[in-house]
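For reference, query-v5.csv (CSV, C-alpha atoms):
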chain,number,residue,atom,x,y,z
N,181,MET,CA,8.3,12.3,-6.9
N,182,GLU,CA,9.5,11.2,-10.3
N,183,GLN,CA,5.9,11.1,-11.7
N,184,ALA,CA,5.2,14.6,-10.3
N,185,GLN,CA,8.3,15.8,-12.2
N,186,LEU,CA,7.2,14.2,-15.4
N,187,LYS,CA,3.8,15.9,-15.0
N,188,ALA,CA,5.3,19.2,-14.5
N,189,ARG,CA,7.5,19.0,-17.7
N,190,PRO,CA,6.2,21.4,-20.3
N,191,GLY,CA,5.0,19.9,-23.6
N,192,VAL,CA,4.4,16.5,-22.3
N,193,PRO,CA,0.9,15.8,-20.9
N,194,GLY,CA,1.2,14.3,-17.5
N,195,ASP,CA,-1.9,12.2,-17.7
N,196,ASP,CA,-0.7,10.4,-20.9
N,197,VAL,CA,2.7,9.8,-19.2
N,198,GLN,CA,1.0,8.3,-16.2
N,199,GLN,CA,-1.1,6.0,-18.5
N,200,VAL,CA,2.0,4.9,-20.4
N,201,ILE,CA,3.9,4.2,-17.1
N,202,GLU,CA,1.1,1.9,-16.1
N,203,LEU,CA,1.1,0.3,-19.4
N,204,ILE,CA,4.9,-0.3,-19.2
N,205,ILE,CA,4.5,-1.8,-15.7
N,206,ASP,CA,1.8,-4.2,-17.0
N,207,ASN,CA,4.2,-5.3,-19.8
N,208,VAL,CA,7.1,-5.7,-17.5
N,209,ASN,CA,5.0,-8.0,-15.3
N,210,GLN,CA,3.9,-10.0,-18.4
N,211,LEU,CA,7.6,-10.3,-19.4
N,212,LYS,CA,8.5,-11.4,-15.9
N,213,ASP,CA,6.1,-14.3,-16.1
N,214,SER,CA,7.0,-15.4,-19.6
N,215,GLN,CA,10.8,-14.9,-19.4
N,216,GLY,CA,11.5,-15.5,-15.8
N,217,LEU,CA,13.1,-12.0,-15.2
N,218,LYS,CA,14.2,-10.9,-11.8
N,219,VAL,CA,12.1,-7.8,-11.5
N,220,PRO,CA,12.1,-5.5,-8.4
N,221,ALA,CA,9.1,-5.8,-6.1
N,222,GLU,CA,8.1,-2.2,-6.5
N,223,LEU,CA,7.9,-0.7,-10.0
N,224,ASP,CA,7.6,3.0,-10.7
N,225,ALA,CA,8.8,5.7,-13.0
N,226,ALA,CA,12.2,5.7,-11.3
N,227,THR,CA,12.9,2.0,-11.8
N,228,THR,CA,15.9,1.4,-13.9
N,229,LEU,CA,15.2,-0.9,-16.9
N,230,PHE,CA,18.5,-1.0,-18.9
N,231,GLY,CA,22.1,-0.2,-18.1
N,232,GLY,CA,23.5,0.3,-14.6
N,233,ASP,CA,21.4,-1.8,-12.1
N,234,GLY,CA,18.7,-2.4,-14.7
N,235,PHE,CA,17.0,-5.8,-14.8
N,236,LEU,CA,16.6,-6.1,-18.5
N,237,ASP,CA,19.3,-7.6,-20.8
N,238,SER,CA,19.5,-6.3,-24.4
N,239,MET,CA,17.1,-9.0,-25.7
N,240,ALA,CA,14.5,-8.5,-22.9
N,241,LEU,CA,14.8,-4.8,-23.7
N,242,VAL,CA,13.9,-5.4,-27.3
N,243,THR,CA,11.0,-7.5,-26.3
N,244,LEU,CA,9.7,-4.9,-23.9
N,245,VAL,CA,10.0,-2.0,-26.2
N,246,VAL,CA,8.3,-3.7,-29.0
N,247,ALA,CA,5.5,-4.9,-26.7
N,248,VAL,CA,5.1,-1.3,-25.4
N,249,GLU,CA,5.0,0.0,-28.9
N,250,GLN,CA,2.1,-2.3,-29.7
N,251,ALA,CA,0.3,-1.5,-26.4
N,252,VAL,CA,0.6,2.2,-27.0
N,253,GLU,CA,-0.9,1.8,-30.4
N,254,GLU,CA,-3.8,-0.2,-29.0
N,255,LYS,CA,-4.5,2.3,-26.2
N,256,PHE,CA,-4.1,5.6,-28.1
N,257,GLY,CA,-4.9,4.4,-31.6
N,258,THR,CA,-1.7,5.9,-33.0
N,259,ASN,CA,1.1,4.0,-34.6
N,260,VAL,CA,4.4,5.0,-32.9
N,261,SER,CA,7.9,3.8,-33.4
N,262,LEU,CA,10.0,3.7,-30.3
N,263,ALA,CA,13.2,2.8,-32.2
N,264,ASP,CA,16.0,5.1,-31.4
N,265,PRO,CA,19.6,5.3,-32.5
N,266,GLY,CA,20.8,5.5,-28.9
N,267,ALA,CA,18.9,2.4,-27.9
N,268,MET,CA,21.9,0.3,-26.8
N,269,SER,CA,23.9,3.2,-25.3
N,270,GLN,CA,24.3,2.9,-21.6
N,271,GLU,CA,24.3,6.7,-21.2
N,272,HIS,CA,21.9,8.0,-23.8
N,273,SER,CA,19.3,5.3,-24.2
N,274,PRO,CA,15.7,6.5,-23.9
N,275,TYR,CA,14.9,3.2,-22.2
N,276,ARG,CA,17.0,3.7,-19.1
N,277,THR,CA,14.0,3.9,-16.7
N,278,ILE,CA,10.3,3.3,-16.9
N,279,GLY,CA,9.8,7.0,-16.6
N,280,ALA,CA,12.2,7.8,-19.4
N,281,LEU,CA,10.6,5.2,-21.7
N,282,ALA,CA,7.1,6.6,-20.9
N,283,ASP,CA,8.3,10.2,-21.6
N,284,TYR,CA,9.8,9.1,-24.9
N,285,ALA,CA,6.6,7.2,-25.9
N,286,VAL,CA,4.5,10.3,-25.2
N,287,GLN,CA,6.8,12.5,-27.1
N,288,ARG,CA,6.6,10.2,-30.1
N,289,LEU,CA,2.8,10.1,-29.7
N,290,ARG,CA,2.7,13.8,-29.9
N,291,ALA,CA,5.0,14.0,-32.8
N,292,GLY,CA,3.1,11.3,-34.7
H,236,MET,CA,56.5,16.5,-59.8
H,237,ASP,CA,56.0,12.7,-59.8
H,238,ALA,CA,54.8,12.2,-56.3
H,239,PRO,CA,51.6,10.1,-56.4
H,240,VAL,CA,48.3,11.8,-55.4
H,241,THR,CA,46.3,9.9,-52.8
H,242,LEU,CA,42.8,10.8,-51.8
H,243,ILE,CA,41.6,9.5,-48.5
H,244,THR,CA,38.1,10.0,-47.1
H,245,GLY,CA,37.3,10.4,-43.4
H,246,THR,CA,40.7,11.8,-42.5
H,247,ARG,CA,39.6,13.8,-39.4
H,248,ILE,CA,40.3,11.0,-37.0
H,249,GLY,CA,41.1,7.3,-36.6
H,250,ILE,CA,42.2,5.1,-39.6
H,251,GLY,CA,41.8,8.0,-42.1
H,252,ARG,CA,44.1,10.3,-40.3
H,253,HIS,CA,46.6,7.6,-39.7
H,254,LEU,CA,46.7,6.7,-43.4
H,255,ALA,CA,47.0,10.4,-44.4
H,256,GLU,CA,50.0,10.8,-42.1
H,257,HIS,CA,51.4,7.4,-43.3
H,258,TYR,CA,51.3,8.3,-47.0
H,259,LEU,CA,52.6,11.8,-46.4
H,260,ARG,CA,55.6,10.2,-44.8
H,261,LEU,CA,56.0,8.0,-47.9
H,262,GLY,CA,56.1,11.2,-50.0
H,263,HIS,CA,52.6,11.1,-51.5
H,264,ARG,CA,50.6,14.3,-52.0
H,265,VAL,CA,47.6,13.6,-49.9
H,266,VAL,CA,44.1,15.0,-50.2
H,267,GLY,CA,41.6,14.3,-47.5
H,268,CYS,CA,38.0,15.1,-46.7
H,269,SER,CA,35.6,14.9,-43.7
H,270,ARG,CA,32.2,16.3,-42.9
H,271,THR,CA,33.7,18.7,-40.3
H,272,ALA,CA,37.0,20.6,-40.2
H,273,VAL,CA,40.2,18.9,-39.1
H,274,ASP,CA,42.2,20.1,-36.1
H,275,TRP,CA,45.5,19.0,-37.6
H,276,THR,CA,47.6,20.0,-40.6
H,277,ARG,CA,50.7,18.7,-42.4
H,278,GLU,CA,52.9,19.9,-45.2
H,279,GLY,CA,51.7,18.3,-48.5
H,280,TYR,CA,48.2,17.7,-47.1
H,281,LYS,CA,45.1,19.4,-48.5
H,282,HIS,CA,41.8,19.1,-46.8
H,283,TYR,CA,38.2,19.5,-48.0
H,284,ARG,CA,35.1,19.7,-46.0
H,285,ALA,CA,32.8,17.3,-47.8
H,286,ASP,CA,30.2,14.7,-46.9
H,287,VAL,CA,31.0,11.7,-49.1
H,288,ALA,CA,27.3,11.2,-49.8
H,289,ASP,CA,26.8,14.8,-51.0
H,290,GLU,CA,27.2,14.6,-54.7
H,291,LYS,CA,27.6,18.3,-55.3
H,292,ALA,CA,30.4,18.7,-52.7
H,293,VAL,CA,32.2,15.5,-53.9
H,294,LYS,CA,32.1,16.7,-57.5
H,295,ALA,CA,33.4,20.1,-56.5
H,296,MET,CA,36.3,18.4,-54.6
H,297,PHE,CA,37.2,16.4,-57.7
H,298,SER,CA,37.1,19.5,-59.9
H,299,GLU,CA,39.7,21.1,-57.6
H,300,ILE,CA,41.8,17.9,-57.5
H,301,ARG,CA,41.8,17.9,-61.3
H,302,ARG,CA,42.8,21.6,-61.5
H,303,SER,CA,45.4,21.4,-58.7
H,304,TYR,CA,47.1,18.1,-59.5
H,305,GLY,CA,45.8,17.0,-62.9
H,306,ARG,CA,45.8,13.4,-61.7
H,307,LEU,CA,44.7,10.9,-59.1
H,308,ASP,CA,46.6,7.7,-58.4
H,309,HIS,CA,44.9,6.4,-55.3
H,310,LEU,CA,41.5,6.5,-53.6
H,311,ILE,CA,41.0,5.1,-50.1
H,312,ASN,CA,37.3,5.0,-49.3
H,313,ASN,CA,37.8,5.0,-45.5
H,314,ALA,CA,34.9,7.2,-44.4
H,315,GLY,CA,32.3,5.2,-42.6
H,316,ILE,CA,29.7,5.2,-39.8
H,317,ALA,CA,28.3,2.5,-37.6
H,318,SER,CA,25.3,2.0,-35.2
H,319,MET,CA,25.1,-0.7,-32.6
H,320,ASN,CA,21.5,-1.5,-32.3
H,321,HIS,CA,19.0,-4.4,-32.6
H,322,SER,CA,17.1,-4.2,-35.9
H,323,LEU,CA,13.8,-4.0,-34.0
H,324,LEU,CA,15.0,-0.8,-32.3
H,325,THR,CA,16.7,0.8,-35.3
H,326,PRO,CA,14.9,3.8,-36.9
H,327,THR,CA,15.0,4.0,-40.7
H,328,SER,CA,16.7,7.4,-40.5
H,329,THR,CA,19.7,5.5,-39.0
H,330,VAL,CA,19.6,2.9,-41.8
H,331,ASN,CA,19.5,5.6,-44.4
H,332,ALA,CA,22.4,7.5,-42.9
H,333,ILE,CA,24.6,4.4,-42.7
H,334,LEU,CA,23.8,3.4,-46.3
H,335,ALA,CA,24.4,7.0,-47.5
H,336,THR,CA,27.9,7.3,-46.0
H,337,ASN,CA,29.1,3.7,-46.4
H,338,VAL,CA,27.5,2.7,-49.7
H,339,VAL,CA,26.5,5.8,-51.6
H,340,GLY,CA,29.7,7.5,-50.5
H,341,THR,CA,31.9,4.6,-51.7
H,342,PHE,CA,30.1,4.4,-55.0
H,343,LEU,CA,30.2,8.2,-55.6
H,344,LEU,CA,33.9,8.6,-54.7
H,345,SER,CA,34.9,5.6,-56.8
H,346,ARG,CA,32.9,6.8,-59.8
H,347,GLU,CA,34.5,10.3,-59.7
H,348,ALA,CA,38.0,8.9,-59.0
H,349,ALA,CA,37.8,6.5,-62.0
H,350,LYS,CA,37.0,9.3,-64.3
H,351,LEU,CA,40.2,11.0,-63.3
H,352,MET,CA,42.3,7.9,-63.1
H,353,LYS,CA,41.3,6.5,-66.5
H,354,GLN,CA,43.0,9.5,-68.2
H,355,LYS,CA,46.4,8.0,-67.2
H,356,ARG,CA,45.1,4.4,-67.4
H,357,TYR,CA,46.3,3.8,-63.9
H,358,GLY,CA,44.6,3.8,-60.5
H,359,ARG,CA,44.2,2.0,-57.2
H,360,ILE,CA,40.9,2.1,-55.2
H,361,VAL,CA,40.7,0.6,-51.8
H,362,ASN,CA,37.4,0.2,-50.1
H,363,PHE,CA,36.6,-0.6,-46.4
H,364,SER,CA,34.4,-3.4,-45.4
H,365,SER,CA,34.5,-5.1,-42.0
H,366,VAL,CA,34.8,-8.6,-40.3
H,367,ALA,CA,31.3,-7.9,-39.1
H,368,VAL,CA,30.2,-9.1,-42.6
H,369,PRO,CA,31.6,-12.7,-42.5
H,370,LEU,CA,30.9,-12.9,-38.8
H,371,LYS,CA,27.3,-11.9,-39.4
H,372,LEU,CA,27.3,-9.8,-36.3
H,373,ALA,CA,24.0,-9.6,-34.5
H,374,GLY,CA,23.1,-6.1,-33.4
H,375,GLU,CA,24.6,-4.4,-36.4
H,376,ALA,CA,22.2,-5.3,-39.2
H,377,ALA,CA,22.3,-2.0,-41.1
H,378,TYR,CA,26.1,-1.7,-40.7
H,379,VAL,CA,26.7,-5.2,-41.9
H,380,ALA,CA,24.3,-4.8,-44.8
H,381,SER,CA,26.2,-1.6,-45.8
H,382,LYS,CA,29.6,-3.2,-45.5
H,383,SER,CA,28.4,-6.3,-47.4
H,384,ALA,CA,27.3,-3.9,-50.2
H,385,VAL,CA,30.8,-2.4,-50.2
H,386,VAL,CA,32.2,-5.9,-50.9
H,387,ALA,CA,29.7,-6.3,-53.8
H,388,LEU,CA,30.6,-2.9,-55.2
H,389,THR,CA,34.3,-3.9,-55.0
H,390,HIS,CA,33.6,-7.0,-57.1
H,391,VAL,CA,31.7,-5.2,-59.8
H,392,LEU,CA,33.8,-2.0,-60.0
H,393,ALA,CA,36.9,-4.2,-60.3
H,394,ARG,CA,35.5,-5.6,-63.5
H,395,GLU,CA,34.1,-2.3,-64.8
H,396,PHE,CA,37.4,-0.4,-64.1
H,397,ALA,CA,39.9,-3.1,-65.2
H,398,GLU,CA,40.1,-1.9,-68.7
H,399,TYR,CA,41.2,1.5,-67.4
H,400,GLY,CA,44.1,0.0,-65.5
H,401,ILE,CA,42.4,0.6,-62.2
H,402,THR,CA,42.3,-2.0,-59.5
H,403,VAL,CA,39.5,-2.1,-56.9
H,404,ASN,CA,40.1,-4.0,-53.6
H,405,CYS,CA,38.7,-4.1,-50.2
H,406,LEU,CA,40.0,-4.4,-46.7
H,407,GLY,CA,37.9,-5.7,-43.7
H,408,PRO,CA,39.5,-4.8,-40.4
H,409,GLY,CA,38.4,-6.4,-37.1
H,410,PRO,CA,38.0,-4.3,-34.0
H,411,LEU,CA,40.6,-1.5,-33.8
H,412,ALA,CA,40.9,1.0,-31.0
H,413,THR,CA,39.0,3.8,-32.8
H,414,ASN,CA,36.0,6.0,-32.1
H,415,LEU,CA,33.8,3.7,-34.2
H,416,ILE,CA,33.7,1.0,-31.4
H,417,ARG,CA,34.0,3.2,-28.3
H,418,SER,CA,30.5,2.4,-27.3
H,419,VAL,CA,30.7,-1.3,-27.9
H,420,PRO,CA,30.8,-3.2,-24.6
H,421,LYS,CA,34.1,-5.0,-23.8
H,422,GLN,CA,32.4,-8.4,-23.5
H,423,LYS,CA,31.1,-8.1,-27.1
H,424,ILE,CA,34.6,-7.1,-28.4
H,425,ASP,CA,36.1,-10.1,-26.5
H,426,ARG,CA,33.6,-12.5,-28.1
H,427,LEU,CA,34.4,-11.0,-31.5
H,428,LEU,CA,38.1,-11.4,-31.0
H,429,GLU,CA,37.6,-15.1,-30.1
H,430,GLN,CA,36.3,-15.7,-33.6
H,431,GLN,CA,39.5,-14.5,-35.2
H,432,ALA,CA,42.4,-16.9,-36.0
H,433,ILE,CA,44.7,-14.4,-34.2
H,434,PRO,CA,42.6,-13.1,-31.3
H,435,ARG,CA,43.9,-9.6,-30.7
H,436,MET,CA,42.8,-6.1,-31.5
H,437,GLY,CA,44.0,-4.8,-34.9
H,438,THR,CA,46.3,-1.8,-35.1
H,439,LEU,CA,46.4,1.1,-37.4
H,440,ASP,CA,49.6,-0.2,-38.8
H,441,ASP,CA,48.0,-3.5,-39.6
H,442,VAL,CA,45.5,-1.6,-41.8
H,443,ALA,CA,48.2,0.6,-43.4
H,444,ASN,CA,50.3,-2.5,-44.3
H,445,THR,CA,47.3,-4.0,-46.1
H,446,VAL,CA,46.5,-0.8,-48.0
H,447,ASP,CA,50.2,-0.5,-48.9
H,448,PHE,CA,50.0,-3.9,-50.6
H,449,PHE,CA,46.9,-2.9,-52.6
H,450,LEU,CA,48.4,0.4,-53.7
H,451,ARG,CA,51.8,-1.0,-54.9
H,452,PRO,CA,52.3,-0.7,-58.7
H,453,GLU,CA,53.3,-4.4,-58.6
H,454,SER,CA,49.8,-5.2,-57.3
H,455,GLY,CA,48.3,-4.5,-60.8
H,456,PHE,CA,47.1,-8.1,-61.1
H,457,VAL,CA,45.3,-8.0,-57.8
H,458,THR,CA,41.7,-6.8,-58.1
H,459,GLY,CA,38.2,-7.5,-56.8
H,460,GLN,CA,39.6,-9.0,-53.6
H,461,THR,CA,38.7,-8.5,-50.0
H,462,ILE,CA,41.2,-9.2,-47.2
H,463,TYR,CA,39.8,-9.7,-43.7
H,464,LEU,CA,42.4,-9.0,-41.0
H,465,GLY,CA,43.0,-11.3,-38.0
H,466,GLY,CA,42.1,-14.5,-39.9
H,467,VAL,CA,38.3,-14.3,-40.0

Go ahead and render the structure in this file as C-alpha cells.
Amino acid sequence: MEQAQLKARPGVPGDDVQQVIELIIDNVNQLKDSQGLKVPAELDAATTLFGGDGFLDSMALVTLVVAVEQAVEEKFGTNVSLADPGAMSQEHSPYRTIGALADYAVQRLRAG
Amino acid sequence: MDAPVTLITGTRIGIGRHLAEHYLRLGHRVVGCSRTAVDWTREGYKHYRADVADEKAVKAMFSEIRRSYGRLDHLINNAGIASMNHSLLTPTSTVNAILATNVVGTFLLSREAAKLMKQKRYGRIVNFSSVAVPLKLAGEAAYVASKSAVVALTHVLAREFAEYGITVNCLGPGPLATNLIRSVPKQKIDRLLEQQAIPRMGTLDDVANTVDFFLRPESGFVTGQTIYLGGV
C-alpha cells in the first residue's frame, strides 16, 4: 500500500523509490548484523526507523543514513547529500520511515 | 535626557524580550531588533526589523539610532540560532546560517556599536555564548563552533575597544526554558544539567542579573570575560 502511494506521487519516479527502498532494507540488515540491532522481522516502506516505535537510536540512524548515501551514489552514480536540518526532530525528520527516507533520497537525486 | 540607550538583538521572544522589558523597567531607552515583527510593545521601546547578519539593514538601524538618540550606551548581542544535529547529517546551509547569525551578527553589531560608543568614550557590549562550549556538546557541532567563536571575538574586541572606554564581556547560559531548546529531548537536558555545579534549569532573571553586572558603570575594569551560569 505504502509503496503504491509512493509510486503514485507526482514528481518522484516510483521505480527509483522502489530501488532505494530495497537498498535501505539491505543496509538495515547489514547494520543489524554488525551492531546487533533489534530489527522487525518484516521490513517495508512503512517500517518506522527513527522516533516513535522506531528501532534506530540516533547513532544507528547516523550510520544508516551515511551508508545509504554511499549506496545511492554507487547505484545511481550521483553524489547526494542526505543531511537535513530536521534530522533529529521526532516530527519532521525525513528519516522517520524507510519509505520517507527513500522518498527523500530520490528527491535529492533528482535535485542533484 | 540622560536615560541610557540600550540596544538588544533578538527581542521578539525569549531572553531578548525579557531583557528588553527588564531594562525598560530600569528606565533605559531600549532599542530592539528581530528578523520578524514583534507582537508586543512598551513605552520607551523602539523596534527595528533587521536580520543581524544583514549589513545593510544593520547599518540603517544604527543610522537611525544615531539620529534619534545621538548615543549608544549598551549593546546586548542576544540574537542566536541553534540546530541539534549530528555533524554527519548537518547540511552546510545550516552551518552557514548558524555562523551568519551567531558570529557575523555579533561581529557586525559590535563593530557598528563601537563606532557610536567611542564618541562618548563609554560603552558596554555583552555577547552570548553557551555552556555547550565548555561542555563540548555532541550533536551541536556547528552551534558550539559558533558560540566558541563568540568567546574568541569577546577576547579580541575587549582589547581593541578598551581604548575607547568600551568593555566587551560574554555570558554563557545553560539550558533555559526558551524556544531554542524546545526540541531537545528531556533526557539530554537532564544529562546536561548533571554536569553543572548547580543542577537546575537557568531562569531569565539569572541571565538578567549577570548582564546587569556587566552593564554597571562600576564594571569598567571587567572586560574580555565569559561567565558560564550554573557552575560549568

I'd like the interatomic distance between atom CA of H:Asn404 and atom CA of H:Phe449, to a tenth of an Å.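 Between these atoms lies a distance of 7.0 Å.
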
Cut-off 9 Å: closest chain H/chain N atom pairs per residue, using only C-alpha atoms, as CSV:
residue,atom,partner,partner_atom,distance
H:Ser318,CA,N:Pro265,CA,7.1
H:Met319,CA,N:Met268,CA,6.7
H:Asn320,CA,N:Met268,CA,5.8
H:His321,CA,N:Val242,CA,7.4
H:Ser322,CA,N:Ala263,CA,8.8
H:Leu323,CA,N:Val242,CA,6.8
H:Leu324,CA,N:Ala263,CA,4.0
H:Thr325,CA,N:Ala263,CA,5.1
H:Pro326,CA,N:Ala263,CA,5.1
H:Thr327,CA,N:Ala263,CA,8.8
H:Ser328,CA,N:Pro265,CA,8.8
H:Thr329,CA,N:Pro265,CA,6.5
H:Ser418,CA,N:Ser269,CA,6.9
H:Val419,CA,N:Ser269,CA,8.6

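For the pair atom CA of H:Thr413 and atom CA of H:Leu254, the separation is 13.4 Å.
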
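With distances restricted to all atoms listed in the file, H:Ile333 is the closest residue to H:Ala376 from H:Met436, H:Val361, H:Leu307, H:Ile333.
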
Residues within 12 Å of H:Asp274, please, as a ChimeraX atom specification. Count only C-alpha atoms; anything in the same chain fewer than 6 positions from it doesn't count. /H:246-248,252,282

Find the residues near H:Glu347: any atom within 9 Å, counting only C-alpha atoms, skip ones fewer than 4 places away on the same chain, and give them as a list in words. Val293, Lys294, Phe297, Phe342, Leu343, Leu351 and Met352 of chain H

Atom pair atom CA of H:Ala393 / atom CA of H:Val338: separation (Å):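 These two atoms are separated by 15.8 Å.
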
Close residues, stretch 210-214 of chain N itself excluded, 9 Å, all atoms listed in the file, min 3 positions apart in chain, as JSON, numbers by chain: {"N": [205, 206, 207, 217, 218, 219, 240, 243, 244]}

Please check which residues have atoms at most 6 Å from (17.9, -5.8, -13.4) in the file's coordinates, counting all atoms listed in the file, and write them as a ChimeraX atom specification. /N:233-236

Tell me which of N:Ala291, N:Gly257, N:Gln250, N:Tyr275 sits closest to N:Asp237, counting all atoms listed in the file.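 Closest to N:Asp237 of all the choices is N:Tyr275.
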
Within 12 Å of H:Arg426, counting all atoms listed in the file, which residues qualify if same-chain residues fewer than 2 places away don't, as a list in words?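 After dropping sequence-adjacent residues, the list is Leu370, Leu372, Ala373, Gly409, Pro410, Val419, Pro420, Lys421, Gln422, Lys423, Ile424, Leu428, Glu429, Gln430, Gln431, Pro434, Arg435 and Met436 of chain H.
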
Which one of H:Gly465, H:Gly305, H:Gly267, H:Gly245 sits closest to H:Gly279 if you count all atoms listed in the file?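 Going through H:Gly465, H:Gly305, H:Gly267, H:Gly245 one by one, the smallest distance to H:Gly279 is for H:Gly267.
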
For H:Tyr357, the closest of H:Arg417, H:Lys382, H:Arg270, H:Arg306 counting all atoms listed in the file is H:Arg306

Leaving out H:His390 and any residue of its chain fewer than 2 positions from it, which residues lie within 12 Å of it when counting all atoms listed in the file, given as a list in words?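 Those residues are Ile360, Val361, Asn362, Ser383, Ala384, Val385, Val386, Ala387, Leu388, Leu392, Ala393, Arg394, Glu395, Phe396, Ala397, Thr402, Val403, Asn404, Cys405, Val457, Thr458, Gly459, Gln460 and Thr461 of chain H.
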
Pick out the closest residue to N:Asn209 from this set: N:Ala247, N:Leu289, N:Asp195, N:Gly231. Count all atoms listed in the file.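 Of all the options, N:Ala247 lies closest to N:Asn209.
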
Top pick for closest residue to H:Leu450, considering H:Glu290, H:Glu256, H:Asp308, H:Asp237 and counting all atoms listed in the file: H:Asp308
